[in-house]
Structure formats: C-alpha cells, structure tokens
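Shown next: entry31.pdb, containing PDB, C-alpha atoms.
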```pdb
ATOM      1  CA  MET A  22      40.547-150.474  -8.922
ATOM      2  CA  ARG A  23      38.630-153.185  -7.090
ATOM      3  CA  THR A  24      36.962-150.511  -4.965
ATOM      4  CA  VAL A  25      35.895-148.635  -8.095
ATOM      5  CA  ILE A  26      34.407-151.825  -9.538
ATOM      6  CA  LEU A  27      32.537-152.390  -6.268
ATOM      7  CA  ALA A  28      31.160-148.834  -6.402
ATOM      8  CA  THR A  29      29.683-149.417  -9.868
ATOM      9  CA  LEU A  30      27.473-152.252  -8.610
ATOM     10  CA  PRO A  31      24.495-150.039  -7.607
ATOM     11  CA  GLY A  32      24.440-148.443 -11.057
ATOM     12  CA  MET A  33      24.905-151.809 -12.739
ATOM     13  CA  ALA A  34      22.045-153.281 -10.727
ATOM     14  CA  ALA A  35      19.768-150.332 -11.562
ATOM     15  CA  MET A  36      20.594-150.570 -15.268
ATOM     16  CA  THR A  37      19.869-154.309 -15.269
ATOM     17  CA  PHE A  38      16.642-153.817 -13.322
ATOM     18  CA  PHE A  39      15.227-151.100 -15.557
ATOM     19  CA  PHE A  40      16.600-152.126 -18.970
ATOM     20  CA  GLY A  41      16.949-155.882 -18.759
ATOM     21  CA  TRP A  42      19.752-158.444 -18.735
ATOM     22  CA  GLY A  43      21.661-156.792 -21.565
ATOM     23  CA  THR A  44      23.705-154.507 -19.309
ATOM     24  CA  LEU A  45      24.974-157.350 -17.146
ATOM     25  CA  ILE A  46      25.763-159.431 -20.235
ATOM     26  CA  GLN A  47      27.698-156.564 -21.834
ATOM     27  CA  VAL A  48      29.745-155.984 -18.675
ATOM     28  CA  LEU A  49      30.657-159.655 -18.241
ATOM     29  CA  TRP A  50      31.422-160.081 -21.952
ATOM     30  CA  GLY A  51      33.562-156.939 -21.885
ATOM     31  CA  CYS A  52      35.498-158.115 -18.809
ATOM     32  CA  LEU A  53      36.266-161.444 -20.483
ATOM     33  CA  LEU A  54      37.505-159.668 -23.607
ATOM     34  CA  ALA A  55      39.502-157.094 -21.653
ATOM     35  CA  VAL A  56      41.372-159.678 -19.600
ATOM     36  CA  GLY A  57      42.092-161.721 -22.731
ATOM     37  CA  PHE A  58      43.350-158.791 -24.787
ATOM     38  CA  GLU A  59      45.332-157.421 -21.846
ATOM     39  CA  ALA A  60      47.049-160.754 -21.257
ATOM     40  CA  ALA A  61      47.839-161.232 -24.957
ATOM     41  CA  ILE A  62      49.331-157.758 -25.366
ATOM     42  CA  ILE A  63      51.366-157.995 -22.168
ATOM     43  CA  LYS A  64      52.676-161.346 -23.387
ATOM     44  CA  LEU A  65      53.665-159.767 -26.712
ATOM     45  CA  ARG A  66      55.480-157.022 -24.797
ATOM     46  CA  LYS A  67      57.363-159.771 -22.924
ATOM     47  CA  ARG A  68      56.251-158.688 -19.497
ATOM     48  CA  PRO A  69      54.885-160.785 -16.605
ATOM     49  CA  VAL A  70      51.200-161.322 -17.366
ATOM     50  CA  SER A  71      49.991-162.181 -13.863
ATOM     51  CA  PHE A  72      51.675-159.123 -12.355
ATOM     52  CA  TYR A  73      50.049-156.619 -14.722
ATOM     53  CA  LEU A  74      46.622-158.246 -14.635
ATOM     54  CA  GLN A  75      46.468-157.701 -10.884
ATOM     55  CA  ASP A  76      45.930-153.951 -11.243
ATOM     56  CA  TYR A  77      42.372-154.578 -12.572
ATOM     57  CA  SER A  78      42.617-151.536 -14.862
ATOM     58  CA  ALA A  79      41.441-153.557 -17.872
ATOM     59  CA  VAL A  80      38.399-154.770 -15.936
ATOM     60  CA  VAL A  81      37.505-151.208 -14.917
ATOM     61  CA  THR A  82      37.658-150.154 -18.579
ATOM     62  CA  ALA A  83      35.343-153.011 -19.546
ATOM     63  CA  VAL A  84      32.863-152.237 -16.773
ATOM     64  CA  LEU A  85      32.656-148.545 -17.705
ATOM     65  CA  LEU A  86      32.225-149.291 -21.402
ATOM     66  CA  GLY A  87      29.647-151.982 -20.650
ATOM     67  CA  LEU A  88      27.617-149.502 -18.609
ATOM     68  CA  ALA A  89      27.839-146.835 -21.313
ATOM     69  CA  ILE A  90      26.758-148.724 -24.432
ATOM     70  CA  PRO A  91      23.146-149.807 -25.132
ATOM     71  CA  PRO A  92      22.254-153.035 -23.305
ATOM     72  CA  PHE A  93      21.353-154.971 -26.457
ATOM     73  CA  ALA A  94      24.197-153.876 -28.710
ATOM     74  CA  PRO A  95      25.530-156.813 -30.809
ATOM     75  CA  TRP A  96      28.477-158.757 -29.402
ATOM     76  CA  TRP A  97      30.885-157.356 -31.982
ATOM     77  CA  VAL A  98      30.294-153.798 -30.769
ATOM     78  CA  MET A  99      31.854-154.619 -27.412
ATOM     79  CA  PHE A 100      34.548-156.696 -29.134
ATOM     80  CA  VAL A 101      35.664-153.766 -31.285
ATOM     81  CA  GLY A 102      35.386-151.341 -28.385
ATOM     82  CA  ILE A 103      37.478-153.358 -25.939
ATOM     83  CA  LEU A 104      40.081-154.177 -28.580
ATOM     84  CA  PHE A 105      40.482-150.486 -29.357
ATOM     85  CA  ALA A 106      40.477-149.470 -25.681
ATOM     86  CA  ILE A 107      43.125-151.979 -24.598
ATOM     87  CA  ALA A 108      45.347-152.216 -27.677
ATOM     88  CA  ILE A 109      45.207-148.667 -29.041
ATOM     89  CA  ALA A 110      44.058-146.243 -26.354
ATOM     90  CA  LYS A 111      46.076-147.916 -23.605
ATOM     91  CA  HIS A 112      49.033-150.055 -24.711
ATOM     92  CA  MET A 113      49.980-148.153 -27.851
ATOM     93  CA  TYR A 114      50.845-145.261 -25.549
ATOM     94  CA  GLY A 115      52.870-147.424 -23.189
ATOM     95  CA  GLY A 116      50.277-149.085 -20.993
ATOM     96  CA  MET A 117      48.825-148.223 -17.611
ATOM     97  CA  GLY A 118      49.909-144.769 -16.451
ATOM     98  CA  SER A 119      51.065-143.550 -19.868
ATOM     99  CA  ASN A 120      47.788-143.268 -21.793
ATOM    100  CA  PRO A 121      46.666-139.648 -22.351
ATOM    101  CA  PHE A 122      43.050-140.566 -23.125
ATOM    102  CA  ASN A 123      40.532-142.428 -21.022
ATOM    103  CA  PRO A 124      40.382-145.852 -22.756
ATOM    104  CA  ALA A 125      36.671-146.427 -22.136
ATOM    105  CA  MET A 126      35.708-143.008 -23.502
ATOM    106  CA  ALA A 127      38.037-143.338 -26.477
ATOM    107  CA  ALA A 128      36.394-146.664 -27.324
ATOM    108  CA  TYR A 129      32.895-145.251 -26.834
ATOM    109  CA  ALA A 130      33.608-142.320 -29.152
ATOM    110  CA  LEU A 131      34.967-144.688 -31.809
ATOM    111  CA  LEU A 132      31.895-146.919 -31.564
ATOM    112  CA  LEU A 133      29.455-144.011 -31.660
ATOM    113  CA  VAL A 134      31.042-142.526 -34.775
ATOM    114  CA  SER A 135      31.529-145.876 -36.531
ATOM    115  CA  PHE A 136      28.308-147.685 -35.595
ATOM    116  CA  PRO A 137      25.664-145.028 -34.874
ATOM    117  CA  VAL A 138      22.630-147.315 -35.261
ATOM    118  CA  PRO A 139      23.471-150.031 -32.680
ATOM    119  CA  MET A 140      24.984-147.385 -30.398
ATOM    120  CA  THR A 141      21.755-145.385 -30.246
ATOM    121  CA  SER A 142      19.194-148.222 -30.024
ATOM    122  CA  TRP A 143      18.001-148.546 -26.434
ATOM    123  CA  SER A 144      15.275-150.710 -24.959
ATOM    124  CA  ALA A 145      12.416-148.979 -23.190
ATOM    125  CA  PRO A 146      12.607-149.056 -19.372
ATOM    126  CA  PHE A 147      10.218-151.528 -17.798
ATOM    127  CA  VAL A 148       8.287-148.691 -16.101
ATOM    128  CA  MET A 149       6.888-147.885 -19.559
ATOM    129  CA  VAL A 150       5.950-151.369 -20.689
ATOM    130  CA  GLY A 151       4.745-152.857 -17.410
ATOM    131  CA  GLU A 152       4.938-156.611 -17.194
ATOM    132  CA  GLY A 153       5.959-156.745 -20.840
ATOM    133  CA  TRP A 154       9.554-155.986 -19.937
ATOM    134  CA  ASN A 155       9.960-159.653 -18.975
ATOM    135  CA  ILE A 156       9.517-160.584 -22.626
ATOM    136  CA  ILE A 157      13.281-160.128 -23.105
ATOM    137  CA  SER A 158      14.406-162.917 -20.816
ATOM    138  CA  LEU A 159      17.988-163.868 -20.084
ATOM    139  CA  THR A 160      17.896-166.507 -22.822
ATOM    140  CA  ASP A 161      16.383-164.079 -25.331
ATOM    141  CA  SER A 162      18.952-161.462 -24.378
ATOM    142  CA  LEU A 163      21.863-163.838 -24.967
ATOM    143  CA  GLN A 164      20.441-164.947 -28.314
ATOM    144  CA  PHE A 165      19.839-161.361 -29.378
ATOM    145  CA  ILE A 166      23.337-160.138 -28.467
ATOM    146  CA  PHE A 167      25.385-163.113 -29.656
ATOM    147  CA  ALA A 168      23.248-164.713 -32.382
ATOM    148  CA  GLY A 169      21.278-161.755 -33.683
ATOM    149  CA  ILE A 170      17.977-163.543 -33.023
ATOM    150  CA  GLN A 171      15.537-160.739 -32.270
ATOM    151  CA  PRO A 172      12.937-161.512 -29.592
ATOM    152  CA  ALA A 173       9.278-161.236 -30.548
ATOM    153  CA  LEU A 174       7.885-157.715 -30.279
ATOM    154  CA  TYR A 175      11.349-156.257 -29.539
ATOM    155  CA  ASP A 176      10.701-153.375 -31.939
ATOM    156  CA  ALA A 177       7.777-152.345 -29.778
ATOM    157  CA  PHE A 178      10.124-151.863 -26.818
ATOM    158  CA  SER A 179      13.069-150.131 -28.508
ATOM    159  CA  MET A 180      13.415-146.357 -28.473
ATOM    160  CA  ALA A 181      15.806-143.456 -28.108
ATOM    161  CA  THR A 182      17.108-141.948 -24.873
ATOM    162  CA  PRO A 183      15.619-138.817 -23.254
ATOM    163  CA  LEU A 184      18.584-136.771 -24.462
ATOM    164  CA  ASP A 185      18.034-137.957 -28.014
ATOM    165  CA  VAL A 186      14.315-137.172 -27.839
ATOM    166  CA  MET A 187      14.993-133.651 -26.578
ATOM    167  CA  LYS A 188      17.785-133.178 -29.105
ATOM    168  CA  HIS A 189      15.489-133.896 -32.043
ATOM    169  CA  LYS A 190      12.383-132.066 -30.843
ATOM    170  CA  GLY A 191      12.075-130.186 -34.119
ATOM    171  CA  GLY A 192       9.804-127.169 -33.867
ATOM    172  CA  PHE A 193       8.266-128.212 -30.567
ATOM    173  CA  THR A 194       9.051-126.365 -27.362
ATOM    174  CA  THR A 195      10.591-128.113 -24.384
ATOM    175  CA  GLU A 196       7.266-128.077 -22.534
ATOM    176  CA  GLU A 197       5.443-129.543 -25.531
ATOM    177  CA  MET A 198       7.958-132.387 -25.725
ATOM    178  CA  TRP A 199       7.397-133.191 -22.055
ATOM    179  CA  ASN A 200       3.658-133.364 -22.690
ATOM    180  CA  GLN A 201       3.648-135.395 -25.881
ATOM    181  CA  SER A 202       6.649-137.721 -25.498
ATOM    182  CA  GLU A 203       5.720-140.952 -23.754
ATOM    183  CA  LEU A 204       9.370-141.493 -22.856
ATOM    184  CA  LEU A 205       9.737-138.115 -21.135
ATOM    185  CA  ALA A 206       6.313-138.366 -19.508
ATOM    186  CA  ASN A 207       6.466-141.932 -18.190
ATOM    187  CA  GLY A 208       9.918-143.419 -18.637
ATOM    188  CA  ILE A 209      12.420-140.798 -17.554
ATOM    189  CA  GLY A 210      12.205-141.963 -13.958
ATOM    190  CA  ALA A 211      14.351-144.958 -14.897
ATOM    191  CA  TRP A 212      17.223-142.669 -15.883
ATOM    192  CA  HIS A 213      16.768-140.676 -12.678
ATOM    193  CA  ALA A 214      17.029-143.865 -10.648
ATOM    194  CA  VAL A 215      20.152-145.017 -12.501
ATOM    195  CA  SER A 216      21.769-141.622 -11.931
ATOM    196  CA  ALA A 217      20.931-141.831  -8.222
ATOM    197  CA  ALA A 218      22.595-145.256  -8.087
ATOM    198  CA  TYR A 219      25.775-143.830  -9.609
ATOM    199  CA  VAL A 220      25.702-141.018  -7.036
ATOM    200  CA  MET A 221      25.543-143.637  -4.279
ATOM    201  CA  GLY A 222      28.624-145.342  -5.692
ATOM    202  CA  GLY A 223      30.396-141.996  -6.043
ATOM    203  CA  ILE A 224      29.701-141.056  -2.434
ATOM    204  CA  PHE A 225      31.141-144.406  -1.387
ATOM    205  CA  LEU A 226      34.331-143.659  -3.332
ATOM    206  CA  LEU A 227      34.553-140.211  -1.739
ATOM    207  CA  TYR A 228      34.128-141.795   1.673
ATOM    208  CA  ARG A 229      36.930-144.241   0.895
ATOM    209  CA  LYS A 230      39.061-141.294  -0.332
ATOM    210  CA  ILE A 231      39.620-142.863  -3.731
ATOM    211  CA  PHE A 232      39.422-139.329  -5.159
ATOM    212  CA  THR A 233      38.712-135.828  -3.893
ATOM    213  CA  TRP A 234      35.547-133.783  -4.293
ATOM    214  CA  HIS A 235      37.064-131.264  -6.713
ATOM    215  CA  ALA A 236      36.338-132.909 -10.066
ATOM    216  CA  PRO A 237      32.739-134.119  -9.463
ATOM    217  CA  VAL A 238      31.668-130.837  -7.847
ATOM    218  CA  ALA A 239      33.285-128.692 -10.556
ATOM    219  CA  MET A 240      31.783-130.682 -13.426
ATOM    220  CA  LEU A 241      28.268-130.951 -11.996
ATOM    221  CA  GLY A 242      28.329-127.369 -10.739
ATOM    222  CA  THR A 243      29.399-125.965 -14.099
ATOM    223  CA  LEU A 244      26.840-128.016 -16.012
ATOM    224  CA  ALA A 245      24.098-126.988 -13.574
ATOM    225  CA  LEU A 246      25.077-123.319 -13.686
ATOM    226  CA  VAL A 247      25.242-123.038 -17.483
ATOM    227  CA  SER A 248      22.068-125.061 -18.074
ATOM    228  CA  THR A 249      20.204-122.978 -15.473
ATOM    229  CA  LEU A 250      21.285-119.762 -17.166
ATOM    230  CA  PHE A 251      20.065-120.846 -20.594
ATOM    231  CA  PHE A 252      16.877-122.353 -19.158
ATOM    232  CA  LEU A 253      16.001-119.059 -17.476
ATOM    233  CA  ILE A 254      16.720-117.100 -20.656
ATOM    234  CA  ASP A 255      14.899-119.419 -23.085
ATOM    235  CA  PRO A 256      12.906-122.221 -21.402
ATOM    236  CA  ASP A 257      11.178-123.093 -24.683
ATOM    237  CA  ASN A 258      14.417-124.348 -26.246
ATOM    238  CA  TYR A 259      16.575-125.479 -23.324
ATOM    239  CA  PRO A 260      15.631-128.133 -20.733
ATOM    240  CA  ASP A 261      16.055-127.484 -17.022
ATOM    241  CA  PRO A 262      19.336-128.306 -15.237
ATOM    242  CA  PHE A 263      17.840-131.342 -13.487
ATOM    243  CA  PHE A 264      17.283-132.915 -16.905
ATOM    244  CA  HIS A 265      20.966-132.458 -17.817
ATOM    245  CA  LEU A 266      22.186-133.791 -14.481
ATOM    246  CA  THR A 267      20.027-136.912 -14.274
ATOM    247  CA  THR A 268      19.872-138.205 -17.852
ATOM    248  CA  GLY A 269      22.562-139.694 -20.033
ATOM    249  CA  ALA A 270      25.972-140.515 -18.602
ATOM    250  CA  THR A 271      26.353-137.370 -16.500
ATOM    251  CA  MET A 272      26.645-139.025 -13.089
ATOM    252  CA  LEU A 273      28.658-141.948 -14.429
ATOM    253  CA  ALA A 274      31.141-139.449 -15.830
ATOM    254  CA  ALA A 275      31.255-137.259 -12.730
ATOM    255  CA  PHE A 276      32.222-140.040 -10.327
ATOM    256  CA  PHE A 277      33.787-142.808 -12.403
ATOM    257  CA  ILE A 278      35.325-141.300 -15.545
ATOM    258  CA  ILE A 279      36.692-137.805 -14.953
ATOM    259  CA  THR A 280      38.213-138.996 -11.661
ATOM    260  CA  ASP A 281      40.585-141.321 -13.505
ATOM    261  CA  PRO A 282      43.985-140.454 -11.959
ATOM    262  CA  VAL A 283      45.901-141.163 -15.175
ATOM    263  CA  THR A 284      44.033-139.003 -17.692
ATOM    264  CA  SER A 285      42.901-136.154 -15.431
ATOM    265  CA  CYS A 286      44.812-133.511 -13.472
ATOM    266  CA  THR A 287      46.826-134.224 -10.357
ATOM    267  CA  SER A 288      46.610-130.814  -8.682
ATOM    268  CA  ASN A 289      43.398-129.760  -6.961
ATOM    269  CA  LYS A 290      43.283-126.483  -8.869
ATOM    270  CA  GLY A 291      43.848-128.360 -12.105
ATOM    271  CA  LYS A 292      41.010-130.761 -11.265
ATOM    272  CA  LEU A 293      38.617-127.835 -10.861
ATOM    273  CA  TRP A 294      39.491-126.346 -14.267
ATOM    274  CA  PHE A 295      39.587-129.763 -15.933
ATOM    275  CA  ALA A 296      36.159-130.810 -14.673
ATOM    276  CA  ALA A 297      34.615-127.386 -15.247
ATOM    277  CA  GLY A 298      35.728-127.592 -18.867
ATOM    278  CA  ILE A 299      34.054-130.995 -19.201
ATOM    279  CA  GLY A 300      30.801-129.671 -17.745
ATOM    280  CA  LEU A 301      30.825-126.707 -20.131
ATOM    281  CA  LEU A 302      31.627-128.871 -23.157
ATOM    282  CA  ILE A 303      28.859-131.335 -22.283
ATOM    283  CA  PHE A 304      26.302-128.534 -22.390
ATOM    284  CA  ILE A 305      27.711-127.012 -25.579
ATOM    285  CA  ILE A 306      27.766-130.299 -27.510
ATOM    286  CA  ARG A 307      24.377-131.396 -26.210
ATOM    287  CA  SER A 308      22.811-128.076 -27.156
ATOM    288  CA  TRP A 309      24.447-127.325 -30.512
ATOM    289  CA  GLY A 310      26.453-130.395 -31.557
ATOM    290  CA  ASN A 311      25.427-133.485 -33.510
ATOM    291  CA  TYR A 312      25.409-135.909 -30.583
ATOM    292  CA  PRO A 313      22.806-135.875 -27.787
ATOM    293  CA  ASP A 314      25.111-137.148 -25.031
ATOM    294  CA  ALA A 315      28.470-135.427 -25.199
ATOM    295  CA  VAL A 316      30.289-136.997 -22.243
ATOM    296  CA  ALA A 317      32.838-139.020 -24.232
ATOM    297  CA  PHE A 318      33.814-136.153 -26.525
ATOM    298  CA  ALA A 319      33.997-133.659 -23.657
ATOM    299  CA  VAL A 320      36.237-135.977 -21.628
ATOM    300  CA  LEU A 321      38.568-136.696 -24.558
ATOM    301  CA  LEU A 322      38.931-133.008 -25.404
ATOM    302  CA  MET A 323      39.815-132.136 -21.823
ATOM    303  CA  ASN A 324      42.199-135.111 -21.574
ATOM    304  CA  LEU A 325      44.325-133.177 -24.055
ATOM    305  CA  SER A 326      44.359-130.188 -21.716
ATOM    306  CA  ALA A 327      45.066-132.090 -18.488
ATOM    307  CA  PRO A 328      48.891-131.820 -18.620
ATOM    308  CA  LEU A 329      48.716-128.074 -19.260
ATOM    309  CA  LEU A 330      46.161-127.491 -16.491
ATOM    310  CA  THR A 331      48.229-129.535 -14.039
ATOM    311  CA  SER A 332      51.426-127.620 -14.812
ATOM    312  CA  THR A 333      50.328-124.374 -13.211
ATOM    313  CA  PRO A 334      53.025-122.119 -11.725
ATOM    314  CA  SER A 335      51.852-122.873  -8.192
ATOM    315  CA  HIS A 336      51.905-126.643  -8.671
ATOM    316  CA  VAL A 337      54.969-128.491  -7.397
ATOM    317  CA  PRO A 338      55.613-131.771  -9.268
ATOM    318  CA  THR A 339      55.453-134.970  -7.229
ATOM    319  CA  GLY A 340      58.778-135.678  -5.543
ATOM    320  CA  MET A 341      60.045-132.103  -5.805
ATOM    321  CA  GLN A 342      60.332-129.395  -3.209
ATOM    322  CA  LYS A 343      59.126-125.829  -3.565
ATOM    323  CA  PRO A 344      62.173-123.553  -3.914
ATOM    324  CA  ASN A 345      62.798-121.025  -1.176
ATOM    325  CA  ALA A 346      62.047-117.399  -1.994
ATOM    326  CA  ALA A 347      65.189-115.418  -2.801
TER     327      ALA A 347
END
```
Using structure tokens, write down the structure that the file contains.
Amino acid sequence: MRTVILATLPGMAAMTFFFGWGTLIQVLWGCLLAVGFEAAIIKLRKRPVSFYLQDYSAVVTAVLLGLAIPPFAPWWVMFVGILFAIAIAKHMYGGMGSNPFNPAMAAYALLLVSFPVPMTSWSAPFVMVGEGWNIISLTDSLQFIFAGIQPALYDAFSMATPLDVMKHKGGFTTEEMWNQSELLANGIGAWHAVSAAYVMGGIFLLYRKIFTWHAPVAMLGTLALVSTLFFLIDPDNYPDPFFHLTTGATMLAAFFIITDPVTSCTSNKGKLWFAAGIGLLIFIIRSWGNYPDAVAFAVLLMNLSAPLLTSTPSHVPTGMQKPNAA
C-alpha cells in the first residue's frame, strides 16, 4: 500500500501544478478523515487499532478519492465520501479483504449522484489562464474549501472537463467542438500531462511487481479498440481514441483502481475479462449514458462480476491442487 501511495505522487504533483492547491488539500484532508474513521470503526469492532492502521488501505482510499474529485470541492464533500467509503463500502462488508466494491469508486459514485454541482465544477488549468492561475493561492484555496469564501474572479476560472464539453456538444460535430471550445483547443494539454504522470506511476508499480500487466493492458486496449472503431465509422460524433485514453480518470483507473487485489479478479484470465469489461463500459456510458466520465460506474458494475470471472473451470483456488486426470 505504501508503494501504491508513492506511485501516485507524480499524478498528484501534476494535478496540483495544473489545477492549483486544491488537489493536495483534498488528499491531505481525506487522509486525515480516513485514518480517523478507520480508527474509530476498528475501536467499535473491538480490534487492535494500531495493527489494522498499519496496512495503509484507508490512506490509499483517501488518496484515490482526493485525486478523483474536483480540487475545490467543499470540505463536506470529502467528509461524506470518506465516511461512506470507510464505514459502508469497506467495514460494513467485514473490512479489508471482504469488501466487494472498490471503496473509493463507491464513494465517488455516491458523491456524483448526490452532489452533481460541486462534483462537476473544475478550475481551468493554468495553461489557459496564464499567470492568473496564481490568483487562487494556498490561503485562498483553504478558505474556499473549508469556509466557502470564494476568491475574487474564481467564476472566470471555473469550467467543465473535456469529457463534459464533448458530452454536451449539442448539434456540433467533434471537429467543430475542437475548433470552437477554448478548453479543447488550449487547455486539454493539462489532462494529457496528468494522464502521463499516472502512466509513470503505473509503470513503476509494474516494475515493482505490485500487479501484473493483464488488467491495465486489457482495459486500455479494449477502450482504444472500441473508440477507434466508432471514430472510423462516424468521426463527426465520436472523438478519437487518444481523447478517451488521456482525458478523465482513464489512466488513474487503469493503474490504480482496477488493479485493486480485493475487488478485482485473482486469475490472469479473469483479469483480462474483468478489465476488458471495464473498458467497454467506460465507452458505452461516456457515449450514451448520462455521465461524461464513466470510470466509477464501470468499475462498480464489474466488481459484481469479479467472483464469477475468477471462478473459471481452469482456475485452481489458492491453496488447492489441481486434481489428476482420471
């Protein structure tokens, strides 16, 4: 778990650099809440607090949720999210190792459905506003998140994400949106850079053998294949595969979320099917669903299928031996 946290640092640094101090504040605030809620619940379950806190699973949940939500979401958004992730999505099912759903994604889905406005309000990347990005200083960021004091001219620097812009393009073609949207024309490079930072962290985890290549390759490959097919058939209505791969939470999901050993498959064949299903669902929901970024819903839906996909006839459960042929 500590290695996973270390691998998120490039993405966390890129998010903070391009979108301001809000990301770092959300992550630290979430970690404080997660450790507190984890300790309180473990105490209520009459188990040794220090022993269970040492697995760092609560901190990983807080880091992932902090990276996923908008940087300047109010403090209570993270409070509700972490409370739900730790108390409901994790400990209600028995704690670490027993939860069927990824806690961070379960919390994100709850927040997105319950509080759509703060969960879809992003600040513009500094590459679009030049030196003006410094207007939201660390002090202003803290006051905005915890006291609701909005910095001067903040409205001028708040906007949707590239996925949201493309989702609500109305009667315009994809090419027309690229030409007329300032965000797509000048600001999308920030999302590309953040995605590249997550890839760097993912490669580090692969190098350290924290997980195998099966899930990331299957998810990204499926998403790229399906989006390429639809882009070639109808480029006026469907963006190119590079857009799907490098915007939103695609890379964060591929290397840090679907590789969760508890809520994904344990067999290599199961990992391929599990991740391919997530990649397909991401494209389907992004293209025809109500939400522009479908990572959380795709992951949660496939979490339900993970036990079935793992229990293939050729898979031998851990600790068992394959019976000899008669």
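The two atoms in question, atom CA of Trp294 of chain A and atom CA of Ala274 of chain A, are spaced 15.6 Å apart.
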Considering only C-alpha atoms, return as a PyMOL selection string whatever protein or nucleic-acid residues lie within 6 Å of segment 244-256 of chain A, sequence-local ones (same chain, fewer than 5 positions apart) excluded. chain A and resi 261-262+300-301
Output as a tab-separated table one row per residue of segment 223-282 of chain A within 9 Å of segment 29-33 of chain A: the closest atom pair and its distance in Å to one decimal place, counting all atoms listed in the file, sorted by chain and residue number ascending.
```
residue	atom	partner	partner_atom	distance
A:Gly223	CA	A:Thr29	CA	8.4
A:Leu273	CA	A:Gly32	CA	8.4
A:Phe277	CA	A:Thr29	CA	8.2
```
Output the selection as an mmCIF file, in the frame of the given file - C-alpha atoms for each residue.
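As written to disk, result_22.cif reads:
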```cif
data_model
loop_
_atom_site.group_PDB
_atom_site.id
_atom_site.type_symbol
_atom_site.label_atom_id
_atom_site.label_comp_id
_atom_site.auth_asym_id
_atom_site.auth_seq_id
_atom_site.Cartn_x
_atom_site.Cartn_y
_atom_site.Cartn_z
ATOM 1 C CA GLY A 223 30.396 -141.996 -6.043
ATOM 2 C CA LEU A 273 28.658 -141.948 -14.429
ATOM 3 C CA PHE A 277 33.787 -142.808 -12.403
#
```
Starting from the shown file, work through the PyMOL selection byres ((chain A and resi 127) around 10) and note down what comes out as a PDB file with C-alpha atoms, in the frame of the given file.
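Below is the file selection-v1.pdb, written as the result:
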```pdb
ATOM      1  CA  LEU A  86      32.225-149.291 -21.402  1.00  0.00           C
ATOM      2  CA  GLY A 102      35.386-151.341 -28.385  1.00  0.00           C
ATOM      3  CA  PHE A 105      40.482-150.486 -29.357  1.00  0.00           C
ATOM      4  CA  ALA A 106      40.477-149.470 -25.681  1.00  0.00           C
ATOM      5  CA  ILE A 109      45.207-148.667 -29.041  1.00  0.00           C
ATOM      6  CA  ALA A 110      44.058-146.243 -26.354  1.00  0.00           C
ATOM      7  CA  LYS A 111      46.076-147.916 -23.605  1.00  0.00           C
ATOM      8  CA  PHE A 122      43.050-140.566 -23.125  1.00  0.00           C
ATOM      9  CA  ASN A 123      40.532-142.428 -21.022  1.00  0.00           C
ATOM     10  CA  PRO A 124      40.382-145.852 -22.756  1.00  0.00           C
ATOM     11  CA  ALA A 125      36.671-146.427 -22.136  1.00  0.00           C
ATOM     12  CA  MET A 126      35.708-143.008 -23.502  1.00  0.00           C
ATOM     13  CA  ALA A 128      36.394-146.664 -27.324  1.00  0.00           C
ATOM     14  CA  TYR A 129      32.895-145.251 -26.834  1.00  0.00           C
ATOM     15  CA  ALA A 130      33.608-142.320 -29.152  1.00  0.00           C
ATOM     16  CA  LEU A 131      34.967-144.688 -31.809  1.00  0.00           C
ATOM     17  CA  LEU A 132      31.895-146.919 -31.564  1.00  0.00           C
ATOM     18  CA  ALA A 317      32.838-139.020 -24.232  1.00  0.00           C
ATOM     19  CA  PHE A 318      33.814-136.153 -26.525  1.00  0.00           C
ATOM     20  CA  VAL A 320      36.237-135.977 -21.628  1.00  0.00           C
ATOM     21  CA  LEU A 321      38.568-136.696 -24.558  1.00  0.00           C
TER      22      LEU A 321
END
```
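Once all atoms listed in the file are considered, the residues situated within 12 Å of the file point (28.4, -140.0, -33.1) turn out to be Ala128, Tyr129, Ala130, Leu131, Leu132, Leu133, Val134, Ser135, Phe136, Pro137, Val138, Pro139, Met140, Thr141, Asp185, Ile306, Arg307, Gly310, Asn311, Tyr312, Pro313, Asp314, Ala315, Val316, Ala317 and Phe318 of chain A.
Using the PyMOL selection byres ((chain A and resi 231) around 12) on the file at hand returns these residues: Met22, Arg23, Thr24, Val25, Ile26, Ala28, Gly222, Gly223, Ile224, Phe225, Leu226, Leu227, Tyr228, Arg229, Lys230, Phe232, Thr233, Trp234, Phe276, Phe277, Thr280, Asp281 and Pro282 of chain A.
Considering the residues A:Lys290, A:His265, A:Lys67, A:His112 and counting all atoms listed in the file, Trp212 of chain A has its shortest atom-to-atom contact with A:His265.
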What lies within 8 Å of Val56 of chain A using all atoms listed in the file, ignoring chain neighbours under 5 positions off, as a ChimeraX atom specification? /A:74,79-80
Could you tell me, as a ChimeraX atom specification, which residues have any atom at most 12 Å from (21.0, -162.3, -24.3), counting only C-alpha atoms? /A:41-47,49-50,92-96,156-172
Any chance you could work out the residue set of the PyMOL selection byres ((chain A and resi 198) around 12) here, as an mmCIF file with C-alpha atoms, keeping the file's coordinate frame?
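This is the output file part_33.cif:
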```cif
data_model
loop_
_atom_site.group_PDB
_atom_site.id
_atom_site.type_symbol
_atom_site.label_atom_id
_atom_site.label_comp_id
_atom_site.auth_asym_id
_atom_site.auth_seq_id
_atom_site.Cartn_x
_atom_site.Cartn_y
_atom_site.Cartn_z
ATOM 1 C CA PRO A 183 15.619 -138.817 -23.254
ATOM 2 C CA LEU A 184 18.584 -136.771 -24.462
ATOM 3 C CA ASP A 185 18.034 -137.957 -28.014
ATOM 4 C CA VAL A 186 14.315 -137.172 -27.839
ATOM 5 C CA MET A 187 14.993 -133.651 -26.578
ATOM 6 C CA LYS A 188 17.785 -133.178 -29.105
ATOM 7 C CA HIS A 189 15.489 -133.896 -32.043
ATOM 8 C CA LYS A 190 12.383 -132.066 -30.843
ATOM 9 C CA GLY A 191 12.075 -130.186 -34.119
ATOM 10 C CA GLY A 192 9.804 -127.169 -33.867
ATOM 11 C CA PHE A 193 8.266 -128.212 -30.567
ATOM 12 C CA THR A 194 9.051 -126.365 -27.362
ATOM 13 C CA THR A 195 10.591 -128.113 -24.384
ATOM 14 C CA GLU A 196 7.266 -128.077 -22.534
ATOM 15 C CA GLU A 197 5.443 -129.543 -25.531
ATOM 16 C CA TRP A 199 7.397 -133.191 -22.055
ATOM 17 C CA ASN A 200 3.658 -133.364 -22.690
ATOM 18 C CA GLN A 201 3.648 -135.395 -25.881
ATOM 19 C CA SER A 202 6.649 -137.721 -25.498
ATOM 20 C CA GLU A 203 5.720 -140.952 -23.754
ATOM 21 C CA LEU A 204 9.370 -141.493 -22.856
ATOM 22 C CA LEU A 205 9.737 -138.115 -21.135
ATOM 23 C CA ALA A 206 6.313 -138.366 -19.508
ATOM 24 C CA ASP A 257 11.178 -123.093 -24.683
ATOM 25 C CA ASN A 258 14.417 -124.348 -26.246
ATOM 26 C CA TYR A 259 16.575 -125.479 -23.324
ATOM 27 C CA PRO A 260 15.631 -128.133 -20.733
#
```
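The residue that comes closest to Ser216 of chain A, out of A:Ala83, A:Leu65, A:Leu88, A:Ala181 and on the basis of only C-alpha atoms, is A:Leu88.
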Take every atom of segment 217-220 of chain A listed in the file, pad by 6 Å on each side, and give me the axis-aligned box centre and edge lengths in Å, one decimal, as lines of an AutoDock Vina configuration file.
```
center_x = 23.4
center_y = -143.1
center_z = -8.3
size_x = 16.8
size_y = 16.2
size_z = 14.6
```
